[in-house]
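Participant: The file below is run_20.cif, mmCIF, C-alpha atoms:
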data_upload
#
loop_
_atom_site.group_PDB
_atom_site.id
_atom_site.type_symbol
_atom_site.label_atom_id
_atom_site.label_comp_id
_atom_site.auth_asym_id
_atom_site.auth_seq_id
_atom_site.Cartn_x
_atom_site.Cartn_y
_atom_site.Cartn_z
ATOM 1 C CA GLU O 129 0.000 0.000 0.000
ATOM 2 C CA LEU O 130 1.128 3.546 -0.729
ATOM 3 C CA ALA O 131 0.367 4.551 2.845
ATOM 4 C CA GLY O 132 3.092 2.244 4.061
ATOM 5 C CA TYR O 133 5.660 3.263 1.470
ATOM 6 C CA GLY O 134 8.927 3.906 3.244
ATOM 7 C CA GLY O 135 10.782 5.573 0.416
ATOM 8 C CA SER O 136 14.161 3.832 0.486
ATOM 9 C CA SER O 137 16.759 5.131 -1.936
ATOM 10 C CA ALA O 138 16.410 2.089 -4.197
ATOM 11 C CA GLU O 139 12.632 2.479 -4.342
ATOM 12 C CA GLU O 140 12.884 6.214 -4.954
ATOM 13 C CA GLU O 141 15.241 5.570 -7.854
ATOM 14 C CA MET O 142 12.782 3.076 -9.315
ATOM 15 C CA VAL O 143 9.873 5.513 -9.063
ATOM 16 C CA SER O 144 11.910 8.373 -10.559
ATOM 17 C CA SER O 145 13.156 6.444 -13.597
ATOM 18 C CA SER O 146 11.445 6.987 -16.928
ATOM 19 C CA THR O 147 9.046 4.599 -18.590
ATOM 20 C CA THR O 148 7.402 4.509 -22.011
ATOM 21 C CA ASN O 149 3.779 5.513 -22.485
ATOM 22 C CA LEU O 150 2.356 5.341 -26.022
ATOM 23 C CA GLY O 151 5.722 6.149 -27.549
ATOM 24 C CA THR O 152 6.337 9.010 -25.122
ATOM 25 C CA ARG O 153 8.719 8.877 -22.161
ATOM 26 C CA TYR O 154 7.136 9.420 -18.777
ATOM 27 C CA LYS O 155 9.044 10.268 -15.591
ATOM 28 C CA PRO O 156 6.826 9.359 -12.591
ATOM 29 C CA GLY O 157 9.139 11.061 -10.099
ATOM 30 C CA LYS O 158 8.642 14.472 -11.730
ATOM 31 C CA ASP O 159 5.281 13.609 -13.335
ATOM 32 C CA VAL O 160 6.388 14.920 -16.731
ATOM 33 C CA LEU O 161 6.434 13.708 -20.328
ATOM 34 C CA THR O 162 9.804 13.835 -22.064
ATOM 35 C CA TYR O 163 11.352 13.119 -25.458
ATOM 36 C CA ASP O 164 14.917 12.537 -24.319
ATOM 37 C CA HIS O 165 15.213 9.467 -26.550
ATOM 38 C CA LEU O 166 15.122 11.549 -29.747
ATOM 39 C CA PRO O 167 18.763 12.809 -29.673
ATOM 40 C CA GLN O 168 19.858 9.213 -30.248
ATOM 41 C CA LEU O 169 18.218 9.255 -33.688
ATOM 42 C CA LYS O 170 20.946 11.524 -35.079
ATOM 43 C CA ASP O 171 23.251 8.505 -35.310
ATOM 44 C CA GLU O 172 20.939 6.908 -37.891
ATOM 45 C CA VAL O 173 20.970 9.844 -40.311
ATOM 46 C CA LYS O 174 21.791 9.303 -43.977
ATOM 47 C CA TYR O 175 21.285 11.769 -46.810
ATOM 48 C CA THR O 176 18.393 9.947 -48.468
ATOM 49 C CA MET O 177 14.626 10.365 -48.454
ATOM 50 C CA THR O 178 14.379 6.924 -46.844
ATOM 51 C CA SER O 179 16.343 8.232 -43.864
ATOM 52 C CA ILE O 180 14.124 11.320 -43.581
ATOM 53 C CA ALA O 181 10.942 9.231 -43.699
ATOM 54 C CA SER O 182 12.356 6.897 -41.043
ATOM 55 C CA LEU O 183 13.126 9.850 -38.769
ATOM 56 C CA VAL O 184 9.609 11.241 -39.255
ATOM 57 C CA ALA O 185 8.099 7.864 -38.362
ATOM 58 C CA LYS O 186 10.196 7.446 -35.205
ATOM 59 C CA ALA O 187 10.019 11.018 -33.934
ATOM 60 C CA GLY O 188 6.484 11.573 -35.155
ATOM 61 C CA TYR O 189 4.843 8.824 -33.114
ATOM 62 C CA ASP O 190 3.420 11.310 -30.657
ATOM 63 C CA PRO O 191 -0.272 10.709 -29.820
ATOM 64 C CA TYR O 192 -0.531 14.030 -27.995
ATOM 65 C CA GLY O 193 1.118 15.901 -30.861
ATOM 66 C CA LEU O 194 3.109 17.990 -28.383
ATOM 67 C CA ILE O 195 6.196 18.139 -30.617
ATOM 68 C CA SER O 196 4.285 18.236 -33.920
ATOM 69 C CA PRO O 197 5.400 21.847 -34.710
ATOM 70 C CA HIS O 198 9.017 20.659 -34.657
ATOM 71 C CA LEU O 199 8.275 18.025 -37.326
ATOM 72 C CA ILE O 200 6.892 20.493 -39.865
ATOM 73 C CA PRO O 201 10.329 21.342 -41.411
ATOM 74 C CA LEU O 202 11.114 17.635 -41.763
ATOM 75 C CA ARG O 203 7.785 16.890 -43.446
ATOM 76 C CA CYS O 204 8.300 19.863 -45.754
ATOM 77 C CA LEU O 205 11.704 18.416 -46.644
ATOM 78 C CA ILE O 206 10.040 15.197 -47.816
ATOM 79 C CA LYS O 207 7.535 17.258 -49.779
ATOM 80 C CA GLU O 208 10.398 19.094 -51.514
ATOM 81 C CA CYS O 209 12.029 15.762 -52.374
ATOM 82 C CA TRP O 210 8.819 14.670 -54.076
ATOM 83 C CA LYS O 211 8.661 17.935 -56.005
ATOM 84 C CA ARG O 212 12.191 17.350 -57.291
ATOM 85 C CA LYS O 213 11.346 13.707 -58.043
ATOM 86 C CA ILE O 214 14.182 12.452 -55.861
ATOM 87 C CA LYS O 215 14.072 8.673 -55.447
ATOM 88 C CA TRP O 216 14.007 6.958 -52.068
ATOM 89 C CA THR O 217 17.656 5.869 -52.044
ATOM 90 C CA GLN O 218 19.017 8.765 -54.082
ATOM 91 C CA THR O 219 21.439 11.162 -52.361
ATOM 92 C CA LEU O 220 19.873 14.512 -51.469
ATOM 93 C CA ASP O 221 20.834 17.739 -53.216
ATOM 94 C CA GLU O 222 23.339 19.912 -51.362
ATOM 95 C CA ASP O 223 20.792 22.523 -50.248
ATOM 96 C CA LEU O 224 18.530 19.781 -48.880
ATOM 97 C CA LYS O 225 21.469 18.233 -47.041
ATOM 98 C CA GLN O 226 22.026 21.546 -45.265
ATOM 99 C CA LEU O 227 18.366 21.760 -44.233
ATOM 100 C CA TYR O 228 18.521 18.183 -42.965
ATOM 101 C CA ASP O 229 21.724 18.901 -41.020
ATOM 102 C CA ASP O 230 20.101 21.937 -39.382
ATOM 103 C CA TYR O 231 17.152 19.841 -38.254
ATOM 104 C CA VAL O 232 19.266 16.970 -36.927
ATOM 105 C CA ALA O 233 21.533 19.399 -35.031
ATOM 106 C CA ASP O 234 18.508 20.575 -33.054
ATOM 107 C CA LEU O 235 17.638 17.053 -31.854
ATOM 108 C CA LYS O 236 20.134 17.292 -28.973
ATOM 109 C CA ASN O 237 17.925 19.924 -27.325
ATOM 110 C CA PHE O 238 15.201 17.334 -26.711
ATOM 111 C CA ASP O 239 17.295 16.152 -23.752
ATOM 112 C CA THR O 240 15.831 18.880 -21.547
ATOM 113 C CA LEU O 241 12.313 19.211 -23.013
ATOM 114 C CA GLU O 242 9.527 18.387 -20.548
ATOM 115 C CA PHE O 243 5.751 18.706 -20.582
ATOM 116 C CA GLN O 244 3.530 18.667 -17.514
ATOM 117 C CA ARG O 245 1.516 15.431 -17.598
ATOM 118 C CA TYR O 246 -1.241 16.446 -15.212
ATOM 119 C CA VAL O 247 -3.721 18.950 -16.620
ATOM 120 C CA PRO O 248 -6.241 20.247 -14.039
ATOM 121 C CA PHE O 249 -9.787 19.842 -15.354
ATOM 122 C CA ASP O 250 -13.362 20.164 -14.170
ATOM 123 C CA LYS O 251 -16.072 19.513 -16.742
ATOM 124 C CA ASP O 252 -18.386 22.152 -15.262
ATOM 125 C CA THR O 253 -15.969 25.065 -14.789
ATOM 126 C CA SER O 254 -13.039 24.437 -17.151
ATOM 127 C CA GLN O 255 -12.793 26.042 -20.582
ATOM 128 C CA LEU O 256 -11.273 24.817 -23.846
ATOM 129 C CA HIS O 257 -9.349 27.411 -25.839
ATOM 130 C CA VAL O 258 -8.397 26.216 -29.307
ATOM 131 C CA PHE O 259 -5.990 28.159 -31.528
ATOM 132 C CA CYS O 260 -5.618 27.558 -35.257
ATOM 133 C CA ASP O 261 -3.385 29.012 -37.950
ATOM 134 C CA ALA O 262 -2.059 28.387 -41.463
ATOM 135 C CA SER O 263 0.990 29.414 -43.451
ATOM 136 C CA SER O 264 1.347 29.392 -47.236
ATOM 137 C CA SER O 265 5.008 28.362 -46.911
ATOM 138 C CA ALA O 266 4.643 25.289 -44.699
ATOM 139 C CA GLY O 267 1.409 24.008 -43.198
ATOM 140 C CA TYR O 268 -1.473 24.486 -40.806
ATOM 141 C CA GLY O 269 -2.402 23.283 -37.368
ATOM 142 C CA MET O 270 -4.025 23.828 -34.009
ATOM 143 C CA THR O 271 -3.310 23.791 -30.274
ATOM 144 C CA VAL O 272 -5.746 23.107 -27.431
ATOM 145 C CA TYR O 273 -5.453 24.550 -23.920
ATOM 146 C CA VAL O 274 -7.511 23.682 -20.853
ATOM 147 C CA ARG O 275 -8.221 26.719 -18.677
ATOM 148 C CA THR O 276 -9.379 25.884 -15.153
ATOM 149 C CA PRO O 277 -10.217 28.232 -12.242
ATOM 150 C CA THR O 278 -7.995 28.045 -9.145
ATOM 151 C CA ASP O 279 -7.878 29.822 -5.809
ATOM 152 C CA ASP O 280 -5.409 32.313 -7.294
ATOM 153 C CA GLY O 281 -7.169 32.884 -10.626
ATOM 154 C CA TRP O 282 -6.857 30.628 -13.663
ATOM 155 C CA ASP O 283 -4.503 27.832 -14.682
ATOM 156 C CA SER O 284 -3.916 27.116 -18.382
ATOM 157 C CA ASN O 285 -2.141 24.047 -19.799
ATOM 158 C CA LEU O 286 -1.466 22.558 -23.213
ATOM 159 C CA LEU O 287 -3.643 19.497 -23.823
ATOM 160 C CA LEU O 288 -3.177 18.664 -27.495
ATOM 161 C CA SER O 289 -1.328 19.916 -30.558
ATOM 162 C CA ARG O 290 -1.635 19.007 -34.235
ATOM 163 C CA SER O 291 0.286 20.059 -37.362
ATOM 164 C CA ARG O 292 -0.139 19.218 -41.035
ATOM 165 C CA ILE O 293 1.752 20.312 -44.120
ATOM 166 C CA ASN O 294 0.020 21.967 -47.062
ATOM 167 C CA PRO O 295 -1.053 19.901 -50.095
ATOM 168 C CA MET O 296 1.275 19.677 -53.108
ATOM 169 C CA LYS O 297 -1.166 21.801 -55.090
ATOM 170 C CA GLU O 298 -0.997 25.423 -54.010
ATOM 171 C CA ILE O 299 -4.059 26.769 -52.214
ATOM 172 C CA ASP O 300 -5.053 30.362 -51.529
ATOM 173 C CA ILE O 301 -3.975 31.461 -48.025
ATOM 174 C CA HIS O 302 -7.565 32.240 -47.020
ATOM 175 C CA ARG O 303 -8.630 28.705 -47.877
ATOM 176 C CA LEU O 304 -5.647 27.366 -45.935
ATOM 177 C CA GLU O 305 -6.780 29.382 -42.919
ATOM 178 C CA LEU O 306 -10.242 27.919 -43.407
ATOM 179 C CA LYS O 307 -8.754 24.395 -43.540
ATOM 180 C CA ALA O 308 -7.054 25.134 -40.223
ATOM 181 C CA MET O 309 -10.299 26.378 -38.682
ATOM 182 C CA HIS O 310 -12.252 23.385 -40.011
ATOM 183 C CA TYR O 311 -9.555 21.002 -38.737
ATOM 184 C CA ALA O 312 -9.575 22.667 -35.309
ATOM 185 C CA THR O 313 -13.365 22.408 -35.132
ATOM 186 C CA THR O 314 -13.257 18.716 -36.094
ATOM 187 C CA ILE O 315 -10.724 17.838 -33.378
ATOM 188 C CA THR O 316 -12.554 20.004 -30.840
ATOM 189 C CA LYS O 317 -15.818 18.135 -31.419
ATOM 190 C CA ILE O 318 -14.046 14.873 -30.593
ATOM 191 C CA LEU O 319 -12.571 16.380 -27.423
ATOM 192 C CA GLN O 320 -15.938 17.818 -26.434
ATOM 193 C CA ASP O 321 -17.527 14.369 -26.549
ATOM 194 C CA ILE O 322 -14.675 12.819 -24.562
ATOM 195 C CA LEU O 323 -14.605 15.545 -21.915
ATOM 196 C CA ASP O 324 -18.409 15.947 -21.813
ATOM 197 C CA MET O 325 -18.296 19.738 -22.111
ATOM 198 C CA LYS O 326 -20.860 22.246 -23.326
ATOM 199 C CA SER O 327 -20.309 24.248 -26.523
ATOM 200 C CA SER O 328 -20.510 27.438 -24.447
ATOM 201 C CA GLN O 329 -17.284 26.411 -22.664
ATOM 202 C CA ILE O 330 -15.313 26.293 -25.915
ATOM 203 C CA THR O 331 -13.641 29.135 -27.824
ATOM 204 C CA ILE O 332 -11.758 28.796 -31.111
ATOM 205 C CA TRP O 333 -9.263 31.535 -31.952
ATOM 206 C CA SER O 334 -8.073 32.512 -35.442
ATOM 207 C CA ASP O 335 -5.983 35.375 -36.808
ATOM 208 C CA SER O 336 -7.815 35.306 -40.164
ATOM 209 C CA ASN O 337 -10.240 38.216 -40.588
ATOM 210 C CA ILE O 338 -11.581 36.661 -43.792
ATOM 211 C CA CYS O 339 -12.531 33.352 -42.123
ATOM 212 C CA LEU O 340 -14.162 35.131 -39.209
ATOM 213 C CA TRP O 341 -16.097 37.288 -41.693
ATOM 214 C CA TRP O 342 -17.257 34.173 -43.567
ATOM 215 C CA LEU O 343 -18.634 32.839 -40.277
ATOM 216 C CA THR O 344 -21.040 35.793 -40.096
ATOM 217 C CA LYS O 345 -22.562 34.918 -43.489
ATOM 218 C CA LYS O 346 -25.193 32.380 -44.438
ATOM 219 C CA LYS O 347 -23.395 29.425 -45.965
ATOM 220 C CA GLN O 348 -25.733 29.536 -48.994
ATOM 221 C CA LEU O 349 -24.136 32.838 -50.011
ATOM 222 C CA LEU O 350 -20.613 31.377 -50.171
ATOM 223 C CA ARG O 351 -18.857 29.278 -52.796
ATOM 224 C CA GLN O 352 -19.154 25.528 -52.310
ATOM 225 C CA TYR O 353 -15.653 25.051 -50.830
ATOM 226 C CA GLU O 354 -16.197 27.756 -48.246
ATOM 227 C CA SER O 355 -19.878 26.915 -47.738
ATOM 228 C CA ASN O 356 -19.242 23.295 -46.719
ATOM 229 C CA ARG O 357 -16.556 24.160 -44.169
ATOM 230 C CA ILE O 358 -18.152 27.310 -42.791
ATOM 231 C CA GLY O 359 -21.465 25.467 -42.396
ATOM 232 C CA PHE O 360 -19.708 22.749 -40.389
ATOM 233 C CA CYS O 361 -18.135 25.352 -38.098
ATOM 234 C CA GLN O 362 -21.403 27.240 -37.636
ATOM 235 C CA GLU O 363 -23.235 24.061 -36.606
ATOM 236 C CA SER O 364 -20.759 23.506 -33.763
ATOM 237 C CA LEU O 365 -22.141 26.521 -31.850
ATOM 238 C CA TYR O 366 -18.632 27.317 -30.580
ATOM 239 C CA THR O 367 -17.466 30.884 -30.038
ATOM 240 C CA TYR O 368 -14.985 32.027 -32.709
ATOM 241 C CA ARG O 369 -12.759 34.982 -31.880
ATOM 242 C CA LYS O 370 -9.924 37.004 -33.369
ATOM 243 C CA ILE O 371 -6.352 36.862 -32.100
ATOM 244 C CA GLY O 372 -3.239 38.646 -33.335
ATOM 245 C CA THR O 373 -0.619 36.517 -35.083
ATOM 246 C CA SER O 374 2.077 37.365 -32.534
ATOM 247 C CA ARG O 375 -0.159 36.075 -29.721
ATOM 248 C CA ASN O 376 -1.270 32.920 -31.515
ATOM 249 C CA PRO O 377 0.634 29.832 -30.241
ATOM 250 C CA SER O 378 -0.567 27.851 -33.247
ATOM 251 C CA ASP O 379 1.686 29.990 -35.419
ATOM 252 C CA LEU O 380 4.364 27.457 -34.412
ATOM 253 C CA ASN O 381 2.209 24.631 -35.787
ATOM 254 C CA SER O 382 1.883 26.307 -39.169
ATOM 255 C CA ARG O 383 5.503 27.408 -39.668
ATOM 256 C CA GLY O 384 7.510 24.895 -37.647
ATOM 257 C CA CYS O 385 9.866 25.704 -34.797
ATOM 258 C CA LYS O 386 12.991 24.792 -32.844
ATOM 259 C CA VAL O 387 12.976 22.757 -29.632
ATOM 260 C CA GLU O 388 13.640 25.879 -27.542
ATOM 261 C CA GLN O 389 10.283 27.283 -28.646
ATOM 262 C CA LEU O 390 8.539 24.113 -27.484
ATOM 263 C CA LYS O 391 10.012 24.744 -24.030
ATOM 264 C CA SER O 392 8.539 28.234 -23.838
ATOM 265 C CA GLU O 393 5.672 29.122 -21.513
ATOM 266 C CA PHE O 394 3.962 30.711 -24.519
ATOM 267 C CA TYR O 395 3.611 27.262 -26.117
ATOM 268 C CA GLN O 396 3.063 25.151 -23.007
ATOM 269 C CA LYS O 397 0.697 27.561 -21.207
ATOM 270 C CA GLY O 398 -0.758 29.632 -24.036
ATOM 271 C CA PRO O 399 -1.094 33.433 -24.343
ATOM 272 C CA GLU O 400 -0.677 35.416 -21.149
ATOM 273 C CA TYR O 401 -4.356 36.358 -20.935
ATOM 274 C CA LEU O 402 -5.386 32.726 -20.409
#
In structure tokens, how does this file's structure come out?
Facilitator:
Amino acid sequence: ELAGYGGSSAEEEMVSSSTTNLGTRYKPGKDVLTYDHLPQLKDEVKYTMTSIASLVAKAGYDPYGLISPHLIPLRCLIKECWKRKIKWTQTLDEDLKQLYDDYVADLKNFDTLEFQRYVPFDKDTSQLHVFCDASSSAGYGMTVYVRTPTDDGWDSNLLLSRSRINPMKEIDIHRLELKAMHYATTITKILQDILDMKSSQITIWSDSNICLWWLTKKKQLLRQYESNRIGFCQESLYTYRKIGTSRNPSDLNSRGCKVEQLKSEFYQKGPEYL
């Protein structure tokens, strides 16, 4: 029984050691999720698309998506290889080698990256704040934060993060922003069912004035592409609000980032007003 746990040094060491949970390292002693196994992957690097795809598969198995913004540059690298029709075992071009080297060099910083495992939540008083964004140069994505009242005010924590790269065919930036909003709404609906929350407790934030303007229109007045996605968002009954790009944590999901940015309070806790 835990009540009779004496806490000898050997037992403390056992409790503090890391274990694997759905492909993510968990340290019970500190109650944090880590990715300190990723620096080891640099030893497997070769300058081929096969090597890049292997790295994406190993580093990208992240059910919570917490490091998904960091994988955007690597996924874009594969996309560029396809554009240049580089074969799987063919050596990369020199400029692509440099981009790959830059990414691999940043893997060592995963040694000290930690995410709080426990996220305070109460289905009656907590709020979900979902941020979405898109970039014409890389991809689009979303981040979800749980905001819960405490004795001292409010506590906000990252719950989920998702990033996707843009399709091969170029799409207008406004439609990319709409894809991000539609994607965020889709994931949020799943979370709402799991967490048993009301739509009034959920806010989705976007920095796209055009998308927010579309939401004020009847879907019948929009083109089919916009109409289908805007109609889906309107049916959710969520609150959609504007946020400046510099205050949008999902900007990291759409453009990619370094490990140091994943460590920031801005990413792990959200904007200061939460």
Participant: Which distance in Å separates atom CA of Tyr231 of chain O and atom CA of Glu305 of chain O, to one decimal?
Facilitator: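 It comes out at 26.2 Å.
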Participant: As an exercise, work out the distance from atom CA of Thr148 of chain O to atom CA of Asp234 of chain O in Å and give it to one decimal place.
Facilitator: 22.4 Å
Participant: Would you pick out the contacts of Lys347 of chain O at 12 Å or less, using only C-alpha atoms, so that residues sharing its chain but fewer than 4 positions from it are not included, and give the list as a list in words?
Facilitator: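 Result of the neighbour search: Trp341, Trp342, Leu343, Arg351, Gln352, Tyr353, Glu354, Ser355, Asn356, Arg357, Ile358, Gly359, Phe360, Cys361, Gln362 and Glu363 of chain O.
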Participant: May I have the selected residues written with C-alpha atoms, as a PDB file, in the frame of the given file?
Facilitator:
ATOM      1  CA  TRP O 341     -16.097  37.288 -41.693  1.00  0.00           C
ATOM      2  CA  TRP O 342     -17.257  34.173 -43.567  1.00  0.00           C
ATOM      3  CA  LEU O 343     -18.634  32.839 -40.277  1.00  0.00           C
ATOM      4  CA  ARG O 351     -18.857  29.278 -52.796  1.00  0.00           C
ATOM      5  CA  GLN O 352     -19.154  25.528 -52.310  1.00  0.00           C
ATOM      6  CA  TYR O 353     -15.653  25.051 -50.830  1.00  0.00           C
ATOM      7  CA  GLU O 354     -16.197  27.756 -48.246  1.00  0.00           C
ATOM      8  CA  SER O 355     -19.878  26.915 -47.738  1.00  0.00           C
ATOM      9  CA  ASN O 356     -19.242  23.295 -46.719  1.00  0.00           C
ATOM     10  CA  ARG O 357     -16.556  24.160 -44.169  1.00  0.00           C
ATOM     11  CA  ILE O 358     -18.152  27.310 -42.791  1.00  0.00           C
ATOM     12  CA  GLY O 359     -21.465  25.467 -42.396  1.00  0.00           C
ATOM     13  CA  PHE O 360     -19.708  22.749 -40.389  1.00  0.00           C
ATOM     14  CA  CYS O 361     -18.135  25.352 -38.098  1.00  0.00           C
ATOM     15  CA  GLN O 362     -21.403  27.240 -37.636  1.00  0.00           C
ATOM     16  CA  GLU O 363     -23.235  24.061 -36.606  1.00  0.00           C
TER      17      GLU O 363
END
Participant: May I have the protein, DNA and RNA residues with any atom at most 7 Å from the point (18.3, 11.5, -50.2), counting all atoms listed in the file, written as an MDAnalysis selection string?
Facilitator: chainID O and resid 175:178 216:220
Participant: Step by step: start from the point (10.0, 21.5, -36.1) in the file's coordinates, keep every protein, DNA or RNA residue that has an atom no farther than 6 Å from it, count all atoms listed in the file, and write the set as a list in words.
Facilitator: Pro197, His198, Leu199, Ile200, Pro201, Gly384, Cys385 and Lys386 of chain O
Participant: Residues within 8 Å of Asp159 of chain O, please, as a ChimeraX atom specification. Count only C-alpha atoms; anything in the same chain fewer than 2 positions from it doesn't count.
Facilitator: /O:154-157,161,244-246
Participant: Just checking: using all atoms listed in the file, which residue out of O:Arg369, O:Arg303, O:Lys158, O:Arg292 ends up closest to Ile330 of chain O?
Facilitator: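 That would be O:Arg369, the residue with the smallest distance to Ile330 of chain O.
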Participant: If you take every atom of segment 178-192 of chain O that the file lists and fit an axis-aligned box around them with 8 Å extra on each side, what centre and edge lengths come out in Å to one decimal, as AutoDock Vina command-line options?
Facilitator:
--center_x 7.9 --center_y 10.5 --center_z -37.4 --size_x 32.9 --size_y 23.1 --size_z 34.8
Participant: Taking the file as shown, find all residues satisfying the PyMOL selection byres ((chain O and resi 260) around 7) and write them as an MDAnalysis selection string.
Facilitator: chainID O and resid 258:259 261 269:271 308:309 312 333:334 378
Participant: Here's the selection I'm unsure about, the PyMOL selection byres ((chain O and resi 229) around 12); applied to the file above, which residues does it give, as number ranges by chain?
Facilitator: O: 170-171, 173-175, 180, 201-202, 205, 220, 222-228, 230-235
Participant: As an exercise, work out the distance from atom CA of His257 of chain O to atom CA of Arg275 of chain O in Å and give it to one decimal place.
Facilitator: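 Computing it gives 7.3 Å between the two atoms.
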Participant: Applying the PyMOL selection byres ((chain O and resi 396-402) around 9) to the file I just gave you, which residues come out? Please list them as a PyMOL selection string.
Facilitator: chain O and resi 194+243-244+257+271-273+275+282-287+375-377+390-395
Participant: Nearest to Lys317 of chain O: which of O:Phe249, O:Phe238, O:Tyr366, O:Trp210 is it, counting only C-alpha atoms?
Facilitator: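 So, comparing all the options, the nearest one is O:Tyr366.
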Participant: Would you mind telling me which residue in O:Asp239, O:Ile214, O:Ser289, O:Gly188 lies nearest to Leu380 of chain O when using all atoms listed in the file?
Facilitator: O:Ser289
Participant: Which one of O:Ile301, O:Val247, O:Ile315, O:Ile206 sits closest to Ala181 of chain O if you count all atoms listed in the file?
Facilitator: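 Comparing O:Ile301, O:Val247, O:Ile315, O:Ile206 against Ala181 of chain O, the winner is O:Ile206.
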Participant: Could you check the closest approach to Ser291 of chain O for each of O:Ser182, O:Thr316, O:Ser263, O:Gln329 and tell me which residue wins, using all atoms listed in the file?
Facilitator: O:Ser263
Participant: Since the input lacks some atoms of segment 185-199 of chain O, please model N, CA, C and O atoms and print them as a compact mmCIF listing (two decimals), in the frame of the given file.
Facilitator:
# COMPACT_ATOMS: atom_id res chain seq x y z
N ALA O 185 8.89 8.93 -38.96
CA ALA O 185 8.10 7.86 -38.36
C ALA O 185 8.46 7.65 -36.90
O ALA O 185 7.59 7.44 -36.05
N LYS O 186 9.76 7.71 -36.58
CA LYS O 186 10.20 7.45 -35.20
C LYS O 186 9.94 8.64 -34.28
O LYS O 186 9.49 8.48 -33.14
N ALA O 187 10.23 9.83 -34.77
CA ALA O 187 10.02 11.02 -33.93
C ALA O 187 8.55 11.44 -33.93
O ALA O 187 8.08 12.07 -32.98
N GLY O 188 7.85 11.09 -35.00
CA GLY O 188 6.48 11.57 -35.16
C GLY O 188 5.43 10.74 -34.46
O GLY O 188 4.26 11.10 -34.47
N TYR O 189 5.84 9.60 -33.85
CA TYR O 189 4.84 8.82 -33.11
C TYR O 189 4.60 9.51 -31.78
O TYR O 189 5.23 9.22 -30.77
N ASP O 190 3.67 10.44 -31.80
CA ASP O 190 3.42 11.31 -30.66
C ASP O 190 1.91 11.53 -30.56
O ASP O 190 1.38 12.48 -31.13
N PRO O 191 1.19 10.63 -29.86
CA PRO O 191 -0.27 10.71 -29.82
C PRO O 191 -0.82 12.06 -29.36
O PRO O 191 -1.89 12.47 -29.78
N TYR O 192 -0.07 12.73 -28.49
CA TYR O 192 -0.53 14.03 -28.00
C TYR O 192 -0.17 15.16 -28.96
O TYR O 192 -0.67 16.27 -28.82
N GLY O 193 0.72 14.89 -29.89
CA GLY O 193 1.12 15.90 -30.86
C GLY O 193 1.91 17.05 -30.28
O GLY O 193 2.05 18.10 -30.91
N LEU O 194 2.46 16.88 -29.08
CA LEU O 194 3.11 17.99 -28.38
C LEU O 194 4.32 18.53 -29.13
O LEU O 194 4.64 19.71 -29.03
N ILE O 195 5.02 17.67 -29.88
CA ILE O 195 6.20 18.14 -30.62
C ILE O 195 5.91 18.24 -32.12
O ILE O 195 6.83 18.38 -32.92
N SER O 196 4.64 18.19 -32.49
CA SER O 196 4.28 18.24 -33.92
C SER O 196 4.79 19.49 -34.65
O SER O 196 5.15 19.40 -35.82
N PRO O 197 4.85 20.68 -33.99
CA PRO O 197 5.40 21.85 -34.71
C PRO O 197 6.85 21.64 -35.13
O PRO O 197 7.28 22.17 -36.17
N HIS O 198 7.60 20.88 -34.34
CA HIS O 198 9.02 20.66 -34.66
C HIS O 198 9.19 19.76 -35.87
O HIS O 198 10.23 19.80 -36.54
N LEU O 199 8.18 18.96 -36.20
CA LEU O 199 8.28 18.02 -37.33
C LEU O 199 7.90 18.65 -38.66
O LEU O 199 8.14 18.06 -39.71
